[in-house]
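K.L.:
Take a look at protein_16.txt, compact mmCIF, C-alpha atoms:
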```
# COMPACT_ATOMS: atom_id res chain seq x y z
CA MET A 117 15.96 14.57 -40.31
CA LYS A 118 18.19 16.68 -42.52
CA LEU A 119 17.60 19.73 -44.72
CA PHE A 120 19.81 20.26 -47.78
CA LYS A 121 20.01 23.01 -50.38
CA VAL A 122 20.60 21.66 -53.90
CA ASP A 123 20.31 23.71 -57.10
CA GLY A 124 18.29 26.34 -55.27
CA ALA A 125 15.79 23.79 -53.94
CA VAL A 126 15.29 22.70 -50.35
CA LEU A 127 15.32 18.94 -49.85
CA LEU A 128 14.21 17.02 -46.77
CA GLN A 129 15.98 13.74 -46.09
CA THR A 130 14.48 11.31 -43.61
CA ALA A 131 15.83 7.90 -42.65
CA THR A 132 13.99 6.31 -45.57
CA ALA A 133 13.24 8.90 -48.26
CA GLU A 134 13.78 12.36 -49.72
CA TYR A 135 11.22 15.10 -50.31
CA LYS A 136 11.29 18.42 -52.09
CA VAL A 137 9.99 21.16 -49.82
CA GLU A 138 7.88 23.48 -51.92
CA ASN A 139 6.10 26.79 -51.35
CA LEU A 140 8.40 27.78 -48.50
CA SER A 141 11.65 29.72 -48.64
CA TRP A 142 14.59 28.51 -46.58
CA ASP A 143 14.08 31.36 -44.10
CA ALA A 144 10.38 30.66 -43.68
CA LEU A 145 10.95 26.92 -43.34
CA VAL A 146 13.66 26.95 -40.68
CA ASN A 147 11.71 29.41 -38.57
CA GLN A 148 8.76 27.10 -38.08
CA GLU A 149 8.38 27.10 -34.30
CA ASN A 150 8.22 23.30 -34.11
CA LEU A 151 10.37 22.49 -37.11
CA TYR A 152 10.91 18.80 -36.35
CA ASP A 153 7.16 18.18 -36.05
CA PHE A 154 6.52 20.23 -39.19
CA LEU A 155 9.01 18.16 -41.20
CA ALA A 156 7.68 14.88 -39.83
CA ALA A 157 4.16 15.88 -40.88
CA TYR A 158 5.42 17.06 -44.27
CA ALA A 159 6.95 13.65 -44.95
CA THR A 160 3.65 11.92 -44.23
CA THR A 161 1.60 14.14 -46.54
CA HIS A 162 3.91 14.41 -49.57
CA GLU A 163 5.24 11.97 -52.11
CA PRO A 164 8.96 11.14 -51.90
CA ILE A 165 11.22 11.93 -54.83
CA ALA A 166 14.10 10.04 -56.42
CA SER A 167 17.36 10.77 -54.63
CA THR A 168 18.90 14.01 -55.88
CA ILE A 169 21.47 14.59 -53.15
CA ASP A 170 24.15 12.03 -53.95
CA GLY A 171 26.55 13.34 -56.56
CA LYS A 172 25.08 16.83 -56.56
CA GLN A 173 26.82 20.08 -55.66
CA LEU A 174 25.39 21.00 -52.29
CA GLU A 175 24.96 24.61 -51.26
CA ALA A 176 25.62 26.01 -47.81
CA PRO A 177 22.48 25.38 -45.73
CA ILE A 178 21.76 29.04 -45.13
CA GLY A 179 19.37 31.72 -46.29
CA SER A 180 19.71 35.28 -45.01
CA GLN A 181 21.00 34.27 -41.58
CA GLU A 182 24.13 35.69 -40.00
CA ILE A 183 26.88 33.43 -38.67
CA TRP A 184 28.32 34.19 -35.24
CA ALA A 185 30.96 32.37 -33.23
CA ALA A 186 31.96 31.67 -29.66
CA GLY A 187 35.58 31.55 -28.58
CA VAL A 188 37.59 29.91 -25.79
CA THR A 189 34.88 27.39 -24.96
CA TYR A 190 37.31 24.46 -24.63
CA LEU A 191 40.39 24.21 -22.42
CA ARG A 192 42.64 23.42 -25.39
CA SER A 193 41.35 26.51 -27.18
CA LYS A 194 42.20 28.65 -24.16
CA GLU A 195 45.72 27.24 -24.10
CA ALA A 196 46.19 27.80 -27.84
CA ARG A 197 44.95 31.40 -27.67
CA MET A 198 47.19 32.11 -24.70
CA ASP A 199 50.19 30.65 -26.50
CA GLU A 200 49.66 32.64 -29.69
CA SER A 201 49.23 35.92 -27.78
CA LYS A 202 51.92 35.62 -25.10
CA GLU A 203 54.31 38.02 -26.84
CA SER A 204 51.65 40.71 -27.04
CA GLY A 205 50.92 40.38 -23.33
CA ALA A 206 47.29 39.46 -23.98
CA ALA A 207 47.42 35.86 -22.76
CA ASP A 208 45.64 36.72 -19.52
CA PHE A 209 42.56 37.90 -21.42
CA TYR A 210 41.97 34.40 -22.80
CA ALA A 211 42.47 32.80 -19.39
CA LYS A 212 39.98 35.23 -17.88
CA VAL A 213 37.27 34.76 -20.52
CA TYR A 214 37.48 30.98 -20.15
CA GLU A 215 36.62 31.32 -16.47
CA ALA A 216 34.27 34.30 -16.78
CA LYS A 217 30.49 34.15 -16.61
CA ARG A 218 30.16 36.06 -19.89
CA PRO A 219 31.33 34.13 -22.98
CA GLU A 220 33.30 35.50 -25.90
CA LEU A 221 30.96 36.02 -28.85
CA PHE A 222 31.86 37.61 -32.16
CA PHE A 223 30.41 38.13 -35.61
CA LYS A 224 31.81 35.69 -38.15
CA SER A 225 30.15 35.88 -41.57
CA THR A 226 27.21 36.78 -43.73
CA ALA A 227 25.66 34.18 -46.01
CA ALA A 228 27.24 35.87 -49.04
CA ARG A 229 30.78 35.47 -47.66
CA CYS A 230 30.25 31.86 -46.54
CA ALA A 231 31.46 28.77 -48.40
CA GLY A 232 29.48 25.57 -48.78
CA PRO A 233 30.51 21.93 -49.24
CA ASP A 234 33.32 21.40 -51.77
CA GLN A 235 33.78 25.14 -52.20
CA GLU A 236 36.96 27.05 -51.49
CA VAL A 237 37.83 28.55 -48.14
CA TRP A 238 40.44 31.31 -48.26
CA ILE A 239 43.49 32.23 -46.26
CA ARG A 240 44.65 35.81 -45.86
CA ARG A 241 47.63 36.95 -47.89
CA ASP A 242 48.80 39.16 -45.01
CA SER A 243 48.94 36.22 -42.58
CA GLN A 244 51.62 33.57 -42.13
CA TRP A 245 49.73 31.33 -39.68
CA ASN A 246 46.33 30.12 -40.86
CA VAL A 247 44.35 27.20 -39.49
CA PRO A 248 40.90 25.64 -39.88
CA GLU A 249 38.78 25.18 -36.77
CA PRO A 250 36.05 22.47 -36.89
CA GLU A 251 33.06 23.45 -34.80
CA LEU A 252 29.64 22.14 -33.95
CA THR A 253 27.39 24.94 -35.18
CA LEU A 254 23.99 25.61 -33.65
CA PHE A 255 21.00 26.99 -35.48
CA ALA A 256 18.55 28.97 -33.36
CA ASN A 257 15.32 30.24 -34.86
CA ALA A 258 13.96 33.77 -34.52
CA SER A 259 12.64 33.05 -31.03
CA GLY A 260 16.05 31.86 -29.84
CA LYS A 261 15.20 28.15 -29.74
CA ILE A 262 17.95 25.74 -30.82
CA ILE A 263 16.32 23.56 -33.47
CA GLY A 264 19.24 22.30 -35.56
CA TYR A 265 22.94 21.70 -36.03
CA THR A 266 25.51 21.81 -38.80
CA ILE A 267 29.30 21.69 -39.22
CA GLY A 268 31.22 24.95 -39.22
CA ASN A 269 34.77 25.76 -40.31
CA ASP A 270 35.96 28.85 -38.45
CA MET A 271 39.02 29.79 -40.51
CA SER A 272 41.47 31.77 -38.40
CA SER A 273 44.63 33.82 -38.92
CA ARG A 274 46.31 33.08 -35.63
CA ASP A 275 49.28 35.40 -36.03
CA ILE A 276 47.01 38.39 -36.62
CA GLU A 277 44.87 37.65 -33.57
CA GLY A 278 47.97 36.87 -31.52
CA GLU A 279 49.60 40.18 -32.37
CA ASN A 280 46.76 42.10 -30.75
CA PRO A 281 43.31 40.89 -29.58
CA LEU A 282 41.80 44.03 -31.14
CA TYR A 283 42.70 42.51 -34.52
CA LEU A 284 40.24 39.66 -33.94
CA PRO A 285 37.76 40.89 -36.62
CA GLN A 286 40.54 40.82 -39.23
CA ALA A 287 41.75 37.41 -38.09
CA LYS A 288 38.26 35.93 -38.21
CA CYS A 289 36.13 37.92 -40.67
CA TYR A 290 37.05 38.05 -44.33
CA GLN A 291 35.77 36.62 -47.60
CA ARG A 292 35.36 32.81 -47.40
CA SER A 293 36.58 32.71 -43.80
CA ALA A 294 33.64 30.48 -42.90
CA ALA A 295 32.16 27.31 -44.33
CA ILE A 296 29.09 25.42 -43.15
CA GLY A 297 27.36 22.25 -44.26
CA PRO A 298 26.57 19.77 -45.59
CA CYS A 299 23.05 20.07 -44.17
CA LEU A 300 20.99 21.32 -41.28
CA LEU A 301 20.35 18.40 -38.94
CA VAL A 302 16.95 18.75 -37.28
CA PRO A 303 16.72 16.11 -34.54
CA SER A 304 13.85 15.23 -32.24
CA LYS A 305 16.04 15.93 -29.20
CA PRO A 306 19.31 17.79 -28.47
CA ILE A 307 22.48 16.36 -29.95
CA ASP A 308 24.22 13.72 -27.86
CA ALA A 309 26.87 15.11 -25.50
CA ASP A 310 29.36 12.43 -26.59
CA THR A 311 29.14 13.36 -30.28
CA GLN A 312 32.55 13.30 -31.95
CA ILE A 313 34.10 15.96 -34.19
CA HIS A 314 36.74 14.79 -36.67
CA MET A 315 39.14 16.72 -38.89
CA SER A 316 41.87 15.79 -41.34
CA ILE A 317 44.00 17.98 -43.60
CA GLU A 318 45.39 16.56 -46.84
CA ARG A 319 48.36 18.03 -48.71
CA SER A 320 49.73 16.53 -51.93
CA ASN A 321 47.72 13.35 -51.32
CA GLU A 322 49.12 12.90 -47.81
CA ILE A 323 47.37 13.44 -44.47
CA VAL A 324 49.35 16.10 -42.62
CA PHE A 325 46.98 16.45 -39.67
CA SER A 326 44.14 14.42 -38.23
CA GLY A 327 42.32 14.34 -34.94
CA SER A 328 39.02 13.81 -33.16
CA ILE A 329 37.38 15.27 -30.09
CA SER A 330 34.09 14.97 -28.23
CA ILE A 331 31.82 17.95 -27.74
CA ASN A 332 31.46 16.90 -24.09
CA GLN A 333 34.74 18.73 -23.46
CA MET A 334 33.03 22.07 -24.07
CA LYS A 335 32.83 24.11 -20.88
CA ARG A 336 29.73 26.14 -21.73
CA LYS A 337 26.21 24.92 -22.43
CA HIS A 338 24.65 25.50 -25.84
CA GLU A 339 21.64 27.28 -24.34
CA GLU A 340 23.98 29.54 -22.37
CA LEU A 341 25.75 30.69 -25.52
CA ILE A 342 22.51 31.29 -27.41
CA GLY A 343 21.08 33.11 -24.40
CA TYR A 344 23.91 35.62 -24.39
CA LEU A 345 23.71 36.04 -28.17
CA PHE A 346 19.99 36.88 -28.03
CA MET A 347 20.26 38.96 -24.86
CA GLU A 348 20.31 42.36 -26.60
CA MET A 349 19.88 41.42 -30.28
CA ASP A 350 17.12 40.14 -32.51
CA PHE A 351 17.62 37.72 -35.37
CA PRO A 352 14.40 37.84 -37.42
CA GLN A 353 15.46 34.92 -39.63
CA GLY A 354 17.35 32.98 -36.97
CA VAL A 355 21.11 32.70 -36.56
CA TYR A 356 24.00 30.23 -36.75
CA LEU A 357 26.47 30.07 -33.87
CA MET A 358 29.79 28.25 -34.11
CA THR A 359 30.56 26.90 -30.65
CA GLY A 360 34.35 26.84 -30.57
CA THR A 361 36.89 24.07 -30.91
CA CYS A 362 39.74 22.34 -29.17
CA LEU A 363 40.84 20.40 -32.25
CA VAL A 364 43.77 22.65 -33.14
CA PRO A 365 46.77 21.74 -35.35
CA PRO A 366 50.17 22.13 -33.65
CA ASN A 367 51.77 25.55 -33.53
CA GLY A 368 54.22 24.79 -36.33
CA PHE A 369 51.41 24.07 -38.78
CA THR A 370 49.85 26.52 -41.23
CA LEU A 371 47.52 25.91 -44.14
CA ALA A 372 48.81 26.13 -47.70
CA VAL A 373 47.02 26.79 -50.96
CA GLY A 374 45.72 23.51 -52.32
CA ASP A 375 45.20 21.82 -48.95
CA LEU A 376 41.99 19.85 -48.52
CA VAL A 377 40.23 20.25 -45.18
CA HIS A 378 37.81 17.47 -44.29
CA MET A 379 35.57 17.85 -41.25
CA SER A 380 32.85 15.53 -40.02
CA ILE A 381 30.52 15.35 -37.04
CA ASP A 382 28.74 12.17 -36.07
CA GLY A 383 25.11 12.24 -37.16
CA ILE A 384 25.49 15.34 -39.34
CA GLY A 385 27.84 14.34 -42.16
CA SER A 386 30.98 15.71 -43.77
CA LEU A 387 32.19 19.13 -44.89
CA ARG A 388 35.07 19.25 -47.35
CA ASN A 389 36.78 22.44 -48.56
CA LYS A 390 39.86 23.28 -50.61
CA VAL A 391 42.15 26.05 -49.41
CA ALA A 392 42.81 28.98 -51.75
CA ILE A 393 43.45 32.74 -51.68
CA LYS A 394 41.30 35.60 -52.93
CA GLN A 395 42.12 36.44 -56.53
```
Go ahead and render the structure in this file as structure tokens.

P.N.:
Amino acid sequence: MKLFKVDGAVLLQTATAEYKVENLSWDALVNQENLYDFLAAYATTHEPIASTIDGKQLEAPIGSQEIWAAGVTYLRSKEARMDESKESGAADFYAKVYEAKRPELFFKSTAARCAGPDQEVWIRRDSQWNVPEPELTLFANASGKIIGYTIGNDMSSRDIEGENPLYLPQAKCYQRSAAIGPCLLVPSKPIDADTQIHMSIERSNEIVFSGSISINQMKRKHEELIGYLFMEMDFPQGVYLMTGTCLVPPNGFTLAVGDLVHMSIDGIGSLRNKVAIKQ
């Protein structure tokens, strides 16, 4: 089942119908302890509505939750981070965190700074090397239970991070540096380990990058990442966690204003964003 936000309303989409979820805010809804069972029961006790999702402007599927991210969870990500930071002498840090027991976790975005489907993501004007990073994004409720998934775009300024690892917050956290959507997938069981992530980048009506990868190449377990995130912090409304990527454009590539970034994950859907700069 999938939850969408459309025109301020929360819509439930099952395999056969759509329903408007009433009398519950997004935050209250997604923090139902057994959300899948709650939604299944809701669909049996409410009348379906005419489809209102197709052709509508979808909003980011988020309420007051924070968005966090995990880094260096794939081998290719480790190699890319080491390559971008070799001149600063910080390459060993990325090699060590890939092998370490403790994962790299960092704050990414608030809901207010986040883009939704078909909204703009921004690149920094003080960066010359900007890339999108497509990531399976977990949603854990207030008790730390993973109950859903979405697509996340972890926009990154690789030259800023590569210059000095202490610049990571500036490379990762700025207005419209994150996008999530198109929905929150709420499955009856954990997502399949062979699920594929796809990304293409279009420039002037031509595809300048495309690739796919399976999430089974991730070194760390989803529950492990969430466990560390909740270890010394509370998230009263739940939290989103981007889980890293190994689908990285080649080193000579950087995003340009006007590029279209299209990400999809099997079973979840597609997230499309246009690249721009803050005005």

K.L.:
Taking (27.1, 25.6, -20.1) in the file's coordinates, which residues come within 12 Å, counting all atoms listed in the file, written as a VMD selection string?

P.N.:
chain A and resid 189 to 190 214 to 219 309 331 to 344 359

K.L.:
For Leu140 (chain A), which of A:Arg292, A:Gly179, A:Ser386, A:Met347 is the closest residue, counting all atoms listed in the file?

P.N.:
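Using all atoms listed in the file, Leu140 (chain A) sits closest to A:Gly179.
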
K.L.:
What is the CA of Tyr135 (chain A)-CA of Gly264 (chain A) distance in Å, reported with one decimal?

P.N.:
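Result for CA of Tyr135 (chain A) versus CA of Gly264 (chain A): 18.3 Å, one decimal.
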
K.L.:
Considering all atoms listed in the file, state which residue in the set A:Val364, A:Met349, A:Val324, A:Met379 is at the smallest distance from Gln312 (chain A).

P.N.:
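Closest candidate: A:Met379.
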
K.L.:
Using all atoms listed in the file, which of the listed residues (A:Asn269, A:Gln244, A:Thr161, A:Gln286) sits closest to His314 (chain A)?

P.N.:
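Counting all atoms listed in the file, the residue closest to His314 (chain A) is A:Asn269.
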
K.L.:
Can you pull out the residues contacting Asn139 (chain A)? Cut-off 12 Å, using only C-alpha atoms, and skip same-chain residues under 6 positions away; I want them as a VMD selection string.

P.N.:
chain A and resid 125 to 126 145

K.L.:
So that I can check the surroundings of Val122 (chain A), please list as a list in words every protein, DNA and RNA residue that reaches within 10 Å of it, counting all atoms listed in the file and ignoring chain neighbours fewer than 4 positions away.

P.N.:
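Close residues of Val122 (chain A): Val126, Leu127, Thr168, Ile169, Lys172, Gln173, Leu174, Glu175, Ala176 and Pro177 of chain A.
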
K.L.:
Okay, now the selection with C-alpha atoms, as a compact mmCIF listing (two decimals), in the frame of the given file?

P.N.:
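And here is the file that came out, selection-v3.txt:
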```txt
# COMPACT_ATOMS: atom_id res chain seq x y z
CA VAL A 126 15.29 22.70 -50.35
CA LEU A 127 15.32 18.94 -49.85
CA THR A 168 18.90 14.01 -55.88
CA ILE A 169 21.47 14.59 -53.15
CA LYS A 172 25.08 16.83 -56.56
CA GLN A 173 26.82 20.08 -55.66
CA LEU A 174 25.39 21.00 -52.29
CA GLU A 175 24.96 24.61 -51.26
CA ALA A 176 25.62 26.01 -47.81
CA PRO A 177 22.48 25.38 -45.73
```

K.L.:
With distances taken over all atoms listed in the file, which of A:Val213, A:Ala157, A:Met117, A:Ile239 is nearest to Gln291 (chain A)?

P.N.:
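Of the candidates, the smallest distance to Gln291 (chain A) is held by A:Ile239.
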
K.L.:
Taking (17.2, 34.3, -36.0) as a centre in this file's frame and 7 Å as the limit, can you find every polymer residue with an atom that close, using only C-alpha atoms, and give them as a PyMOL selection string?

P.N.:
chain A and resi 181+256-260+350-355

K.L.:
Work out how far apart CA of Lys118 (chain A) and CA of Leu155 (chain A) are and give it in Å to one decimal.

P.N.:
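Spanning CA of Lys118 (chain A) to CA of Leu155 (chain A) is a straight-line distance of 9.4 Å.
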
K.L.:
What is the distance between CA of Leu301 (chain A) and CA of Phe222 (chain A), in Å to one decimal?

P.N.:
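About the pair CA of Leu301 (chain A) and CA of Phe222 (chain A): they are 23.4 Å apart.
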
K.L.:
Pick out the closest residue to Arg229 (chain A) from this set: A:Lys261, A:Phe346, A:Cys289, A:Glu163. Count only C-alpha atoms.

P.N.:
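Counting only C-alpha atoms, the residue closest to Arg229 (chain A) is A:Cys289.
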
K.L.:
Counting all atoms listed in the file, figure out which residue out of A:Glu251, A:Asp310, A:Asp153, A:Glu182 gets nearest to Ala227 (chain A).

P.N.:
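Nearest to Ala227 (chain A): A:Glu182.
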